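This is data.csv (CSV, C-alpha atoms).
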chain,number,residue,atom,x,y,z
R,1,MET,CA,-26.5,13.9,18.8
R,2,ASP,CA,-30.2,13.2,19.4
R,3,THR,CA,-31.5,16.7,19.7
R,4,ALA,CA,-34.3,18.9,18.4
R,5,PRO,CA,-35.7,17.6,15.1
R,6,ALA,CA,-33.9,18.7,12.0
R,7,PRO,CA,-35.7,19.3,8.7
R,8,GLU,CA,-36.9,16.0,7.2
R,9,ASP,CA,-34.6,16.2,4.2
R,10,GLN,CA,-31.6,16.9,6.4
R,11,ARG,CA,-32.4,13.9,8.7
R,12,THR,CA,-32.7,11.7,5.6
R,13,ARG,CA,-29.4,12.9,4.2
R,14,GLN,CA,-27.7,12.4,7.6
R,15,ALA,CA,-29.0,8.9,8.0
R,16,ALA,CA,-27.9,7.9,4.5
R,17,LEU,CA,-24.4,9.3,4.9
R,18,ARG,CA,-24.0,7.7,8.3
R,19,ARG,CA,-25.0,4.3,6.9
R,20,ALA,CA,-22.7,4.7,3.9
R,21,ILE,CA,-19.8,5.7,6.0
R,22,GLY,CA,-20.4,2.8,8.4
R,23,LEU,CA,-20.8,0.2,5.7
R,24,ILE,CA,-17.6,1.2,4.1
R,25,GLY,CA,-15.8,1.1,7.4
R,26,ILE,CA,-17.2,-2.3,8.3
R,27,GLY,CA,-16.4,-3.7,4.8
R,28,LEU,CA,-12.9,-2.4,4.3
R,29,PRO,CA,-10.9,-4.7,6.6
R,30,ILE,CA,-12.9,-7.7,5.2
R,31,VAL,CA,-12.8,-6.9,1.5
R,32,LEU,CA,-9.1,-6.0,1.4
R,33,PRO,CA,-7.6,-9.4,2.6
R,34,LEU,CA,-10.3,-11.4,0.7
R,35,GLY,CA,-9.5,-9.5,-2.5
R,36,LYS,CA,-5.8,-9.9,-2.0
R,37,VAL,CA,-6.1,-13.7,-1.6
R,38,LEU,CA,-8.5,-14.1,-4.5
R,39,PHE,CA,-6.6,-11.9,-7.0
R,40,SER,CA,-3.0,-12.3,-5.9
R,41,GLY,CA,-2.8,-15.5,-3.9
R,42,PRO,CA,-1.8,-16.1,-0.2
R,43,GLY,CA,0.3,-13.7,1.8
R,44,LEU,CA,-1.1,-10.7,3.5
R,45,PRO,CA,0.4,-7.2,4.1
R,46,GLY,CA,1.2,-6.3,7.7
R,47,THR,CA,-1.0,-3.2,7.7
R,48,ILE,CA,-4.1,-1.9,6.1
R,49,SER,CA,-2.1,0.9,4.5
R,50,ALA,CA,0.3,-1.6,2.9
R,51,TYR,CA,-2.6,-2.9,0.7
R,52,TYR,CA,-1.7,0.2,-1.4
R,53,TYR,CA,1.1,-2.0,-2.8
R,54,THR,CA,-1.2,-4.9,-3.8
R,55,ASP,CA,-3.9,-5.4,-6.4
R,56,MET,CA,-6.3,-3.9,-3.9
R,57,ARG,CA,-4.8,-0.4,-4.1
R,58,ASP,CA,-7.8,1.1,-6.0
R,59,VAL,CA,-10.2,-0.4,-3.5
R,60,LEU,CA,-8.3,1.1,-0.5
R,61,VAL,CA,-7.8,4.5,-2.1
R,62,GLY,CA,-11.4,4.7,-3.4
R,63,ALA,CA,-12.9,3.6,-0.1
R,64,MET,CA,-10.9,6.1,1.9
R,65,CYS,CA,-11.6,9.0,-0.6
R,66,ALA,CA,-15.3,8.1,-0.5
R,67,ILE,CA,-15.3,8.2,3.3
R,68,GLY,CA,-13.5,11.5,3.2
R,69,VAL,CA,-15.9,13.1,0.8
R,70,TYR,CA,-18.9,11.8,2.8
R,71,LEU,CA,-17.5,13.2,6.0
R,72,LEU,CA,-16.8,16.6,4.3
R,73,TYR,CA,-20.4,16.6,3.0
R,74,TYR,CA,-21.9,15.4,6.2
R,75,PRO,CA,-24.4,17.9,7.7
R,76,GLY,CA,-23.8,18.0,11.5
R,77,TYR,CA,-26.0,19.5,14.1
R,78,ASP,CA,-23.7,22.4,14.9
R,79,ARG,CA,-20.3,23.9,14.1
R,80,GLY,CA,-18.5,21.5,16.3
R,81,ASP,CA,-19.9,18.5,14.5
R,82,ASN,CA,-19.0,20.1,11.1
R,83,LEU,CA,-15.5,21.0,12.1
R,84,THR,CA,-14.8,17.5,13.5
R,85,THR,CA,-16.2,15.6,10.5
R,86,ALA,CA,-14.3,18.0,8.2
R,87,LEU,CA,-11.1,17.2,10.0
R,88,ALA,CA,-11.8,13.5,9.8
R,89,GLY,CA,-12.7,13.8,6.1
R,90,LEU,CA,-9.5,15.7,5.3
R,91,GLY,CA,-7.5,13.1,7.2
R,92,ALA,CA,-9.1,10.3,5.2
R,93,ILE,CA,-8.3,11.9,1.9
R,94,THR,CA,-4.8,12.7,3.0
R,95,LEU,CA,-4.0,9.1,4.0
R,96,ALA,CA,-5.6,7.8,0.8
R,97,LEU,CA,-3.6,10.1,-1.5
R,98,SER,CA,-0.3,9.9,0.4
R,99,PRO,CA,0.7,6.2,0.4
R,100,THR,CA,2.6,4.7,3.3
R,101,THR,CA,6.3,3.9,2.8
R,102,PRO,CA,6.9,0.7,0.7
R,103,PRO,CA,7.2,-2.5,2.7
R,104,ALA,CA,10.6,-4.3,3.0
R,105,PRO,CA,12.7,-5.2,1.2
R,106,ALA,CA,12.1,-2.1,-0.9
R,107,VAL,CA,14.3,0.9,0.1
R,108,PRO,CA,12.1,4.0,0.2
R,109,THR,CA,13.2,7.2,-1.5
R,110,ARG,CA,13.1,10.5,0.3
R,111,ALA,CA,9.8,11.4,-1.4
R,112,GLU,CA,8.3,8.1,-0.3
R,113,VAL,CA,9.5,8.7,3.3
R,114,VAL,CA,7.8,12.2,3.2
R,115,ALA,CA,4.6,10.7,1.8
R,116,GLY,CA,4.7,8.1,4.6
R,117,VAL,CA,4.9,10.8,7.2
R,118,VAL,CA,2.0,12.7,5.6
R,119,HIS,CA,0.1,9.4,5.4
R,120,TYR,CA,0.4,8.6,9.1
R,121,THR,CA,-0.4,12.2,10.0
R,122,GLY,CA,-3.6,12.0,8.1
R,123,ALA,CA,-4.4,8.6,9.7
R,124,GLY,CA,-3.8,10.1,13.1
R,125,VAL,CA,-6.2,13.0,12.4
R,126,PHE,CA,-8.7,10.7,10.9
R,127,PHE,CA,-8.9,8.3,13.9
R,128,LEU,CA,-8.7,10.9,16.6
R,129,ALA,CA,-11.5,12.9,15.0
R,130,LEU,CA,-13.7,9.8,14.7
R,131,ALA,CA,-13.0,8.7,18.2
R,132,TYR,CA,-13.9,12.2,19.5
R,133,LEU,CA,-17.1,12.2,17.5
R,134,SER,CA,-18.1,8.8,18.8
R,135,TYR,CA,-17.3,9.4,22.4
R,136,PHE,CA,-18.3,13.0,22.9
R,137,ARG,CA,-20.5,14.2,20.0
R,138,PHE,CA,-22.7,11.1,19.3
R,139,THR,CA,-23.6,10.7,23.0
R,140,ARG,CA,-25.2,14.1,23.4
R,141,THR,CA,-29.0,14.4,23.6
R,142,ALA,CA,-31.7,17.0,24.1
R,143,GLY,CA,-34.0,16.2,26.9
R,144,ASP,CA,-34.3,12.8,28.6
R,145,PRO,CA,-32.6,10.0,26.7
R,146,THR,CA,-34.6,7.0,25.7
R,147,GLU,CA,-33.6,3.5,26.8
R,148,GLN,CA,-32.3,2.8,23.3
R,149,LYS,CA,-30.3,6.1,23.3
R,150,LEU,CA,-28.6,5.0,26.5
R,151,ARG,CA,-27.7,1.7,24.9
R,152,ARG,CA,-26.4,3.6,21.8
R,153,ASN,CA,-24.3,5.8,24.1
R,154,VAL,CA,-22.6,2.7,25.5
R,155,VAL,CA,-21.7,1.6,22.0
R,156,TYR,CA,-20.5,5.0,21.0
R,157,ARG,CA,-18.2,5.3,24.0
R,158,VAL,CA,-16.9,1.7,23.6
R,159,CYS,CA,-16.2,2.3,20.0
R,160,GLY,CA,-14.4,5.6,20.7
R,161,VAL,CA,-12.1,3.9,23.3
R,162,VAL,CA,-11.5,1.0,21.1
R,163,MET,CA,-10.3,3.2,18.2
R,164,VAL,CA,-7.8,5.1,20.4
R,165,VAL,CA,-6.5,2.0,22.2
R,166,ALA,CA,-6.3,-0.1,19.0
R,167,ILE,CA,-4.4,2.5,17.0
R,168,ALA,CA,-2.0,3.3,20.0
R,169,GLY,CA,-1.4,-0.4,20.4
R,170,ALA,CA,-0.7,-0.8,16.6
R,171,VAL,CA,1.9,2.0,16.8
R,172,LEU,CA,3.5,0.5,19.9
R,173,LEU,CA,3.7,-3.0,18.5
R,174,ASP,CA,5.0,-1.8,15.1
R,175,THR,CA,7.8,-0.1,17.1
R,176,VAL,CA,8.8,-2.8,19.5
R,177,LEU,CA,8.2,-6.1,17.8
R,178,PRO,CA,10.7,-7.8,15.5
R,179,VAL,CA,9.9,-7.7,11.8
R,180,ALA,CA,9.7,-11.5,11.8
R,181,VAL,CA,6.9,-11.4,14.4
R,182,LEU,CA,5.1,-8.6,12.6
R,183,ASP,CA,5.1,-10.5,9.3
R,184,ALA,CA,4.0,-13.8,10.9
R,185,VAL,CA,1.2,-12.6,13.2
R,186,LEU,CA,0.1,-9.3,11.6
R,187,PRO,CA,-0.7,-7.7,14.9
R,188,VAL,CA,-0.7,-4.2,13.4
R,189,PHE,CA,-3.2,-5.2,10.7
R,190,TRP,CA,-5.6,-6.8,13.2
R,191,LEU,CA,-5.5,-3.8,15.5
R,192,GLU,CA,-6.0,-1.4,12.6
R,193,ALA,CA,-8.9,-3.6,11.5
R,194,LEU,CA,-10.4,-3.5,15.0
R,195,ALA,CA,-10.2,0.3,14.9
R,196,VAL,CA,-11.9,0.5,11.5
R,197,LEU,CA,-14.6,-1.9,12.5
R,198,ALA,CA,-15.3,0.2,15.7
R,199,PHE,CA,-15.5,3.3,13.5
R,200,GLY,CA,-17.9,1.5,11.1
R,201,LEU,CA,-20.1,0.2,13.9
R,202,SER,CA,-20.4,3.6,15.6
R,203,TRP,CA,-21.6,5.2,12.4
R,204,LEU,CA,-24.0,2.3,11.6
R,205,VAL,CA,-25.6,2.8,15.0
R,206,LYS,CA,-25.7,6.5,14.5
R,207,GLY,CA,-27.4,5.9,11.2
R,208,GLU,CA,-30.1,4.0,13.0
R,209,THR,CA,-29.2,0.7,11.3
R,210,LEU,CA,-28.8,-0.8,14.8
R,211,LEU,CA,-30.5,0.0,18.1
R,212,ARG,CA,-33.1,2.2,16.5
R,213,ASP,CA,-35.8,3.8,18.7

What is this structure when it is put down as structure tokens?
Amino acid sequence: MDTAPAPEDQRTRQAALRRAIGLIGIGLPIVLPLGKVLFSGPGLPGTISAYYYTDMRDVLVGAMCAIGVYLLYYPGYDRGDNLTTALAGLGAITLALSPTTPPAPAVPTRAEVVAGVVHYTGAGVFFLALAYLSYFRFTRTAGDPTEQKLRRNVVYRVCGVVMVVAIAGAVLLDTVLPVAVLDAVLPVFWLEALAVLAFGLSWLVKGETLLRD
């Protein structure tokens, strides 16, 4: 939120963390497929989570753990900010350390099924918390908002809606579409990538990389 000035060191730390989180978010859906093609050849997984089972595993896990730690460390303006970013951070670390179930034709074990459930629970908490932050927390202000603040609020709200709609659409398509279509078109990956890009853009704007006063 744009509110009463925080101490200079806190504002500097907030801006740096926001930019770091945003850059990782923007970069992840770009780096993963490029790295997969460069190091392993053609053929892309159907979801971002499935990159765990490629040569890009360490990049995926490392990026999500970094986002999680940054969110846990992030100094919000109030208890509501801190609670929401902590939830998002725990969700990020949970989905990073509990891999999704192996893609077909592998037959998952009971432990892998449980890990997959934990993974998607963490992903749900992560994206819902981020969408809430973007739509409701980032748009607050103290006093009259500037013209740039009003523009930023539009971006925050659009990003929040995009995150929710994209993830809901990914879950729906993954449930209803035939496996052949999912493998050929990769709709779940593209929707997940859209949600991650929206998350990254929201945090870059919040970090004053874009639309700065």

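Residue nearest R:Phe138, chosen from R:Arg18, R:Arg13, R:Lys206, R:Arg57 and counting only C-alpha atoms: R:Lys206.
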
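The residue that comes closest to R:Arg157, out of R:Met56, R:Val205, R:Ala106, R:Ala92 and on the basis of only C-alpha atoms, is R:Val205.
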
Can you list, as a compact mmCIF listing (two decimals) with C-alpha atoms, in the coordinates of the input, every protein, DNA or RNA residue that comes within 10 Å of R:Ala123 when you count all atoms listed in the file, leaving out same-chain residues fewer than 2 positions away?
# COMPACT_ATOMS: atom_id res chain seq x y z
CA SER R 49 -2.10 0.90 4.50
CA ALA R 88 -11.80 13.50 9.80
CA LEU R 90 -9.50 15.70 5.30
CA GLY R 91 -7.50 13.10 7.20
CA ALA R 92 -9.10 10.30 5.20
CA ILE R 93 -8.30 11.90 1.90
CA THR R 94 -4.80 12.70 3.00
CA LEU R 95 -4.00 9.10 4.00
CA ALA R 96 -5.60 7.80 0.80
CA VAL R 117 4.90 10.80 7.20
CA VAL R 118 2.00 12.70 5.60
CA HIS R 119 0.10 9.40 5.40
CA TYR R 120 0.40 8.60 9.10
CA THR R 121 -0.40 12.20 10.00
CA VAL R 125 -6.20 13.00 12.40
CA PHE R 126 -8.70 10.70 10.90
CA PHE R 127 -8.90 8.30 13.90
CA LEU R 128 -8.70 10.90 16.60
CA ALA R 129 -11.50 12.90 15.00
CA ILE R 167 -4.40 2.50 17.00

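Straight-line separation from atom CA of R:Ser202 to atom CA of R:Asp144: 21.1 Å.
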
Give me the stretch 54-122 of chain R side of the contact with stretch 170-193 of chain R, cut-off 12 Å, one line per residue showing its nearest atom pair and distance in Å at one decimal, counting only C-alpha atoms, sorted by chain and residue number, as a Markdown table.
| residue | atom | partner | partner_atom | distance |
| --- | --- | --- | --- | --- |
| R:Pro103 | CA | R:Asp183 | CA | 10.6 |
| R:Ala104 | CA | R:Val179 | CA | 9.5 |
| R:Pro105 | CA | R:Val179 | CA | 11.2 |
| R:Tyr120 | CA | R:Val171 | CA | 10.3 |

Could you pull the residues within 10 Å of R:Thr101, counting only C-alpha atoms, minus those fewer than 6 positions along the same chain, as a list of chain:residue names?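 Here the qualifying residues turn out to be R:Ser49, R:Ala50, R:Tyr52, R:Tyr53, R:Val107, R:Pro108, R:Thr109, R:Arg110, R:Ala111, R:Glu112, R:Val113, R:Val114, R:Ala115, R:Gly116, R:Val117, R:His119, R:Tyr120.
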
Rank nothing, just name the residue among R:Val31, R:Leu133, R:Val154, R:Leu204 nearest to R:Ala63, using all atoms listed in the file. R:Val31

Quick one: residues within 9 Å of R:Met163, only C-alpha atoms counted, chain neighbours fewer than 3 positions away excluded, as number ranges by chain? R: 127-128, 130-131, 158-160, 166-168, 191-192, 194-199

Interatomic distance, atom CA of R:Leu210 to atom CA of R:Gly122 (Å, one decimal): 29.0 Å

Find the distance between atom CA of R:Arg19 and atom CA of R:Gly207 and write it in Å to one decimal.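 Going from atom CA of R:Arg19 over to atom CA of R:Gly207 covers 5.2 Å.
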